[in-house]
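Printed here is model_4.txt (compact mmCIF, C-alpha atoms):
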# COMPACT_ATOMS: atom_id res chain seq x y z
CA MET A 1 -84.50 44.56 63.82
CA ALA A 2 -82.45 42.19 66.01
CA TYR A 3 -83.15 39.28 63.66
CA GLY A 4 -81.95 41.26 60.61
CA ARG A 5 -78.72 42.24 62.26
CA SER A 6 -78.04 38.65 63.21
CA GLU A 7 -78.39 37.51 59.61
CA GLU A 8 -76.01 40.26 58.44
CA ARG A 9 -73.40 39.20 60.97
CA LEU A 10 -73.82 35.58 59.96
CA GLU A 11 -73.26 36.47 56.32
CA ARG A 12 -70.11 38.40 57.22
CA ILE A 13 -68.79 35.45 59.21
CA VAL A 14 -69.52 33.02 56.34
CA HIS A 15 -67.83 35.36 53.83
CA PHE A 16 -64.78 35.68 56.07
CA VAL A 17 -64.53 31.92 56.51
CA PHE A 18 -64.82 31.42 52.73
CA ARG A 19 -62.06 33.92 52.03
CA CYS A 20 -59.79 32.28 54.64
CA HIS A 21 -60.43 28.88 53.08
CA HIS A 22 -59.66 30.19 49.58
CA ASN A 23 -56.39 31.81 50.73
CA PHE A 24 -55.40 28.68 52.62
CA THR A 25 -56.03 26.57 49.51
CA GLN A 26 -53.77 28.84 47.45
CA ILE A 27 -51.00 28.64 50.06
CA ILE A 28 -51.20 24.81 50.13
CA SER A 29 -51.09 24.64 46.32
CA LEU A 30 -48.06 26.94 46.21
CA ALA A 31 -46.28 24.87 48.84
CA ILE A 32 -46.96 21.64 46.93
CA TYR A 33 -45.66 23.21 43.66
CA VAL A 34 -42.48 24.51 45.32
CA THR A 35 -41.87 21.13 46.97
CA SER A 36 -42.34 19.18 43.72
CA ALA A 37 -40.33 21.61 41.55
CA GLY A 38 -37.34 21.65 43.86
CA PRO A 39 -35.00 24.54 44.47
CA PRO A 40 -34.29 26.95 41.61
CA PRO A 41 -31.36 25.87 39.38
CA TYR A 42 -27.98 27.38 40.02
CA PRO A 43 -26.46 29.42 37.17
CA PRO A 44 -23.78 27.50 35.15
CA PRO A 45 -20.18 28.19 36.08
CA PRO A 46 -18.29 30.53 33.80
CA PRO A 47 -16.09 28.80 31.19
CA PRO A 48 -12.42 28.48 32.10
CA PRO A 49 -10.14 31.07 30.52
CA ARG A 50 -8.48 29.90 27.26
CA ARG A 51 -4.78 29.19 27.56
CA ARG A 52 -2.48 30.77 25.02
CA MET A 53 -0.54 28.27 22.89
CA SER A 54 3.19 28.16 23.37
CA PRO A 55 5.50 28.77 20.37
CA PHE A 56 6.57 25.12 20.49
CA ARG A 57 2.99 23.87 20.15
CA ILE A 58 2.41 26.31 17.30
CA LEU A 59 5.48 24.96 15.49
CA VAL A 60 4.38 21.35 16.05
CA ARG A 61 0.91 22.03 14.67
CA ALA A 62 2.37 23.89 11.70
CA PHE A 63 4.71 20.97 10.99
CA ILE A 64 1.88 18.43 11.19
CA GLY A 65 -0.27 20.58 8.89
CA ALA A 66 2.58 20.89 6.36
CA CYS A 67 3.14 17.11 6.41
CA ILE A 68 -0.56 16.47 5.81
CA PHE A 69 -0.60 18.97 2.93
CA ILE A 70 2.47 17.43 1.28
CA GLY A 71 1.06 13.93 1.71
CA VAL A 72 -2.27 14.88 0.13
CA LEU A 73 -0.45 16.65 -2.73
CA ALA A 74 1.78 13.62 -3.37
CA LEU A 75 -1.26 11.35 -3.37
CA LEU A 76 -3.05 13.56 -5.90
CA ILE A 77 0.03 13.63 -8.16
CA TRP A 78 0.32 9.84 -7.96
CA LEU A 79 -3.38 9.38 -8.76
CA ILE A 80 -3.12 11.71 -11.77
CA TYR A 81 0.20 10.53 -13.25
CA ARG A 82 0.43 6.93 -11.94
CA PRO A 83 4.26 6.70 -12.27
CA ARG A 84 5.71 3.30 -13.20
CA THR A 85 9.19 1.87 -12.78
CA ILE A 86 11.80 2.07 -15.52
CA GLN A 87 12.05 -1.18 -17.47
CA VAL A 88 15.45 -2.62 -18.42
CA ALA A 89 16.26 -5.81 -20.33
CA VAL A 90 19.23 -7.36 -22.11
CA SER A 91 18.18 -8.02 -25.68
CA THR A 92 21.45 -9.78 -26.54
CA ALA A 93 24.87 -10.30 -24.95
CA THR A 94 28.07 -11.93 -26.28
CA LEU A 95 31.12 -12.98 -24.29
CA ALA A 96 34.03 -12.88 -26.75
CA ARG A 97 36.75 -13.39 -24.12
CA PHE A 98 36.55 -14.48 -20.49
CA ASP A 99 39.76 -15.91 -19.13
CA LEU A 100 41.52 -16.01 -15.78
CA VAL A 101 45.21 -15.30 -16.06
CA ASN A 102 47.60 -16.33 -13.28
CA THR A 103 50.39 -13.80 -12.93
CA THR A 104 53.40 -13.67 -10.67
CA SER A 105 51.24 -12.02 -8.00
CA ILE A 106 48.86 -13.91 -5.72
CA THR A 107 45.82 -12.13 -7.16
CA PRO A 108 44.61 -13.58 -10.49
CA VAL A 109 43.60 -11.27 -13.33
CA LEU A 110 40.36 -11.62 -15.30
CA SER A 111 40.62 -10.78 -19.00
CA TYR A 112 37.19 -10.06 -20.50
CA ASN A 113 35.35 -8.81 -23.57
CA LEU A 114 31.60 -8.50 -23.06
CA THR A 115 29.25 -6.81 -25.53
CA ALA A 116 25.61 -6.28 -24.56
CA MET A 117 22.65 -4.50 -26.08
CA LEU A 118 20.30 -3.13 -23.45
CA SER A 119 16.69 -2.09 -23.84
CA VAL A 120 15.87 0.84 -21.54
CA SER A 121 12.18 1.78 -21.54
CA ASN A 122 10.01 4.47 -20.00
CA PRO A 123 6.51 2.93 -19.74
CA ASN A 124 4.83 6.05 -18.33
CA ARG A 125 2.15 7.95 -20.25
CA ARG A 126 2.59 11.29 -18.44
CA VAL A 127 6.05 11.09 -16.86
CA SER A 128 9.36 11.82 -18.64
CA ILE A 129 12.77 10.74 -17.32
CA TYR A 130 16.12 12.55 -17.16
CA TYR A 131 19.20 10.32 -16.87
CA ASP A 132 21.85 12.46 -15.19
CA GLN A 133 24.15 9.45 -15.08
CA LEU A 134 23.82 5.89 -16.39
CA GLN A 135 26.44 3.17 -16.60
CA ALA A 136 26.82 -0.61 -16.78
CA ALA A 137 29.27 -2.88 -14.95
CA GLY A 138 29.96 -6.61 -14.93
CA LEU A 139 29.89 -8.80 -11.83
CA TYR A 140 31.40 -12.27 -11.49
CA GLN A 141 31.50 -14.14 -8.16
CA GLU A 142 30.65 -10.90 -6.32
CA GLU A 143 33.63 -9.16 -7.94
CA ARG A 144 33.09 -6.21 -10.28
CA PHE A 145 34.84 -6.04 -13.62
CA GLY A 146 34.62 -3.38 -16.31
CA ARG A 147 32.47 -0.28 -16.48
CA ALA A 148 30.89 1.53 -19.41
CA ALA A 149 28.85 4.72 -19.68
CA LEU A 150 25.47 4.32 -21.38
CA PRO A 151 24.49 7.05 -23.90
CA VAL A 152 21.04 7.93 -22.58
CA SER A 153 20.18 11.39 -21.22
CA PHE A 154 16.41 11.84 -21.62
CA GLN A 155 13.37 9.71 -22.40
CA GLY A 156 9.95 11.03 -23.26
CA THR A 157 6.73 9.27 -22.39
CA ARG A 158 6.34 5.68 -23.58
CA HIS A 159 9.75 5.61 -25.19
CA ALA A 160 12.36 2.82 -25.42
CA ASP A 161 16.06 3.05 -26.37
CA ALA A 162 18.45 0.35 -27.54
CA VAL A 163 21.63 1.10 -25.59
CA PRO A 164 24.98 -0.65 -26.31
CA ALA A 165 27.39 -1.54 -23.52
CA LEU A 166 30.98 -2.70 -24.16
CA LEU A 167 33.13 -4.04 -21.31
CA VAL A 168 36.72 -4.76 -22.36
CA GLY A 169 39.82 -4.97 -20.21
CA ASN A 170 41.63 -6.73 -17.36
CA THR A 171 40.67 -6.67 -13.70
CA SER A 172 42.35 -8.17 -10.63
CA MET A 173 40.03 -10.59 -8.83
CA GLU A 174 40.05 -11.14 -5.08
CA PHE A 175 38.24 -14.48 -4.85
CA GLY A 176 41.32 -16.65 -4.01
CA ASP A 177 42.01 -20.31 -4.83
CA SER A 178 38.38 -21.41 -4.37
CA GLY A 179 37.24 -18.82 -6.89
CA ALA A 180 39.87 -19.96 -9.38
CA ALA A 181 38.75 -23.56 -8.98
CA ALA A 182 35.10 -22.55 -9.54
CA PHE A 183 36.16 -20.61 -12.66
CA ASN A 184 37.79 -23.74 -14.09
CA ASP A 185 34.58 -25.71 -13.40
CA TYR A 186 32.49 -23.11 -15.29
CA ARG A 187 34.98 -23.10 -18.15
CA ARG A 188 34.72 -26.89 -18.50
CA ALA A 189 30.91 -26.60 -18.43
CA GLY A 190 31.11 -23.88 -21.08
CA VAL A 191 28.72 -21.47 -19.32
CA PHE A 192 29.70 -18.52 -17.11
CA PRO A 193 27.24 -16.93 -14.65
CA VAL A 194 27.78 -13.22 -15.20
CA ASP A 195 25.66 -10.41 -13.80
CA LEU A 196 25.30 -7.09 -15.58
CA TRP A 197 24.53 -4.19 -13.25
CA VAL A 198 23.04 -0.91 -14.47
CA ASP A 199 23.15 2.01 -12.08
CA GLY A 200 22.71 5.73 -12.40
CA VAL A 201 21.03 8.92 -11.23
CA VAL A 202 17.60 9.82 -12.61
CA ARG A 203 14.97 12.54 -12.28
CA TYR A 204 11.26 12.27 -13.13
CA LYS A 205 9.32 15.06 -14.83
CA PHE A 206 5.57 15.05 -14.15
CA GLY A 207 4.18 16.80 -17.22
CA GLU A 208 4.74 20.55 -16.89
CA LEU A 209 4.03 20.45 -13.17
CA MET A 210 7.32 19.54 -11.50
CA THR A 211 10.60 17.65 -11.74
CA THR A 212 11.70 15.50 -8.83
CA THR A 213 15.07 15.63 -7.16
CA ALA A 214 17.73 13.14 -8.23
CA SER A 215 17.27 9.52 -7.15
CA THR A 216 19.38 6.39 -7.56
CA LEU A 217 18.59 3.74 -10.18
CA THR A 218 19.93 0.22 -9.60
CA VAL A 219 19.18 -2.69 -11.96
CA LYS A 220 20.52 -6.26 -11.92
CA CYS A 221 20.56 -8.58 -14.96
CA HIS A 222 21.35 -12.27 -14.41
CA LEU A 223 23.10 -13.79 -17.44
CA ALA A 224 24.41 -17.25 -18.28
CA LEU A 225 26.82 -16.77 -21.15
CA LYS A 226 28.73 -19.07 -23.44
CA LEU A 227 31.90 -17.97 -25.22
CA MET A 228 31.20 -16.50 -28.65
CA VAL A 229 27.46 -17.33 -28.42
CA ALA A 230 24.88 -14.52 -28.32
CA SER A 231 22.32 -14.81 -25.57
CA GLY A 232 18.60 -14.22 -25.93
CA TRP A 233 16.28 -11.71 -24.28
CA VAL A 234 16.70 -11.46 -20.49
CA GLU A 235 14.49 -9.33 -18.26
CA CYS A 236 16.31 -7.40 -15.58
CA THR A 237 15.28 -6.67 -12.00
CA VAL A 238 14.94 -3.06 -10.87
CA ILE A 239 16.20 -2.96 -7.28
CA ASP A 240 15.99 0.79 -6.70
CA SER A 241 14.57 3.62 -8.77
Go through the file and emit its structure as structure tokens.
Amino acid sequence: MAYGRSEERLERIVHFVFRCHHNFTQIISLAIYVTSAGPPPYPPPPPPPRRRMSPFRILVRAFIGACIFIGVLALLIWLIYRPRTIQVAVSTATLARFDLVNTTSITPVLSYNLTAMLSVSNPNRRVSIYYDQLQAAGLYQEERFGRAALPVSFQGTRHADAVPALLVGNTSMEFGDSGAAAFNDYRRAGVFPVDLWVDGVVRYKFGELMTTTASTLTVKCHLALKLMVASGWVECTVIDS
């Protein structure tokens, strides 16, 4: 009987030791896991509250957006219509009279008679042109003489007009003695450097879409004219359109 009880006690002791060892192993494993994993992550901070935009910033953003919209619209219109500059040329010009008259005053007077035939062309395929105002004027030694209105009011697409210009009259010149001496040199040479300026106010019509506001047209034609001799074709330079 004593031997049997001893074995039962021994089994209980062995079972207790085994359970203690198993629990201790679990505790060690949990400690190792916690050590390797580190502390639990902290929750992220809440996002900062959104600031309300001031009226000034709203206006600035609206202005920038409007500028971008207008720029994109203008680019699309240009890509569709491809507007080109007005073309102007002098097909022929005749100087019937060009004389400097010395009067009793210090300022000499230029007596002139200039007839020119201009070619005004609209090279655009989809853009028409309104000429609200168009005129021609002569220029000699940086002094203007004469002025004539040109009878053009509208040009359709790919259209050219032959436009006459007649400058007749007398104009006081302010170029002094040196200018008078240069005039005599040109008269002896038989050729006068005369510029013909064409300026006006134009508007462009892009199909049925829109018509632009008025803009200035400035054209300069360099001529070298002999008395009573018709010139040939001269291309003009468009300075502003």
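Note that the spacing between atom CA of Ala116 of chain A and atom CA of Ala182 of chain A amounts to 24.1 Å.
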Practice item. Tell me, as JSON, numbers by chain, which residues lie within 10 Å of segment 141-152 of chain A, counting all atoms listed in the file; anything in the same chain fewer than 3 positions away does not count. Key: {"A": [110, 111, 112, 113, 114, 118, 120, 130, 131, 132, 133, 134, 135, 136, 137, 138, 155, 161, 162, 163, 164, 165, 166, 167, 168, 169, 170, 171, 172, 173, 174, 175, 179, 182, 183, 193, 194, 195, 196, 197, 198, 199, 200]}
Point to revise | Given only C-alpha atoms as the counted atoms, nearest of A:Phe192, A:Val90, A:Phe56, A:Ile70 to Thr237 of chain A | key: A:Val90
Check your understanding: Which polymer residues, protein or nucleic acid, are no farther than 9 Å from (20.3, -14.8, -14.5), counting all atoms listed in the file, as a list in words?
Key -> Pro193, Val194, Asp195, Lys220, Cys221, His222, Leu223, Ala224, Val234, Glu235 and Cys236 of chain A
Review point. Which neighbours of Ile80 of chain A fall inside 10 Å, counting all atoms listed in the file, when residues of the same chain fewer than 5 positions from it are skipped, and could you give them as a PyMOL selection string?
Key: chain A and resi 74-75+126+206
Take the residues just selected and output them with C-alpha atoms as a PDB file, keeping the file's coordinate frame.
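Result file out-v2.pdb:
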ATOM      1  CA  ALA A  74       1.780  13.620  -3.370  1.00  0.00           C
ATOM      2  CA  LEU A  75      -1.260  11.350  -3.370  1.00  0.00           C
ATOM      3  CA  ARG A 126       2.590  11.290 -18.440  1.00  0.00           C
ATOM      4  CA  PHE A 206       5.570  15.050 -14.150  1.00  0.00           C
TER       5      PHE A 206
END
Practice item. Would you mind reading off the distance between atom CA of Trp78 of chain A and atom CA of Thr213 of chain A, one decimal, in Å? Key: 15.9 Å
Review point. Residues at most 10 Å from Ala230 of chain A, counting only C-alpha atoms, excluding those fewer than 5 positions away in the same chain, as a ChimeraX atom specification?
Key: /A:91-96,115-116,225
Review point. Using only C-alpha atoms, which of A:Ser153, A:Asn102, A:Ser128, A:Ser231 sits nearest Gly207 of chain A?
Key: A:Ser128
Review point. Suppose you want the space between atom CA of Ser215 of chain A and atom CA of Arg203 of chain A; what is it in Å?
Key: 6.4 Å
Check your understanding: Pick from A:Gly65, A:Arg158, A:Thr216, A:Val101: nearest to Asn184 of chain A, with only C-alpha atoms counted?
Key ->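 Smallest separation from Asn184 of chain A among the options: A:Val101.
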Point to revise | Near-Pro123 of chain A list (8 Å; only C-alpha atoms; drop same-chain fewer than 4 positions) as an MDAnalysis selection string | key: chainID A and resid 84:87 157:159
Dump of C-alpha atoms for the selected residues, as a short mmCIF file (atom, residue, chain, number, x, y, z; two decimals), in the coordinates of the input:
data_model
loop_
_atom_site.label_atom_id
_atom_site.label_comp_id
_atom_site.auth_asym_id
_atom_site.auth_seq_id
_atom_site.Cartn_x
_atom_site.Cartn_y
_atom_site.Cartn_z
CA ARG A 84 5.71 3.30 -13.20
CA THR A 85 9.19 1.87 -12.78
CA ILE A 86 11.80 2.07 -15.52
CA GLN A 87 12.05 -1.18 -17.47
CA THR A 157 6.73 9.27 -22.39
CA ARG A 158 6.34 5.68 -23.58
CA HIS A 159 9.75 5.61 -25.19
#
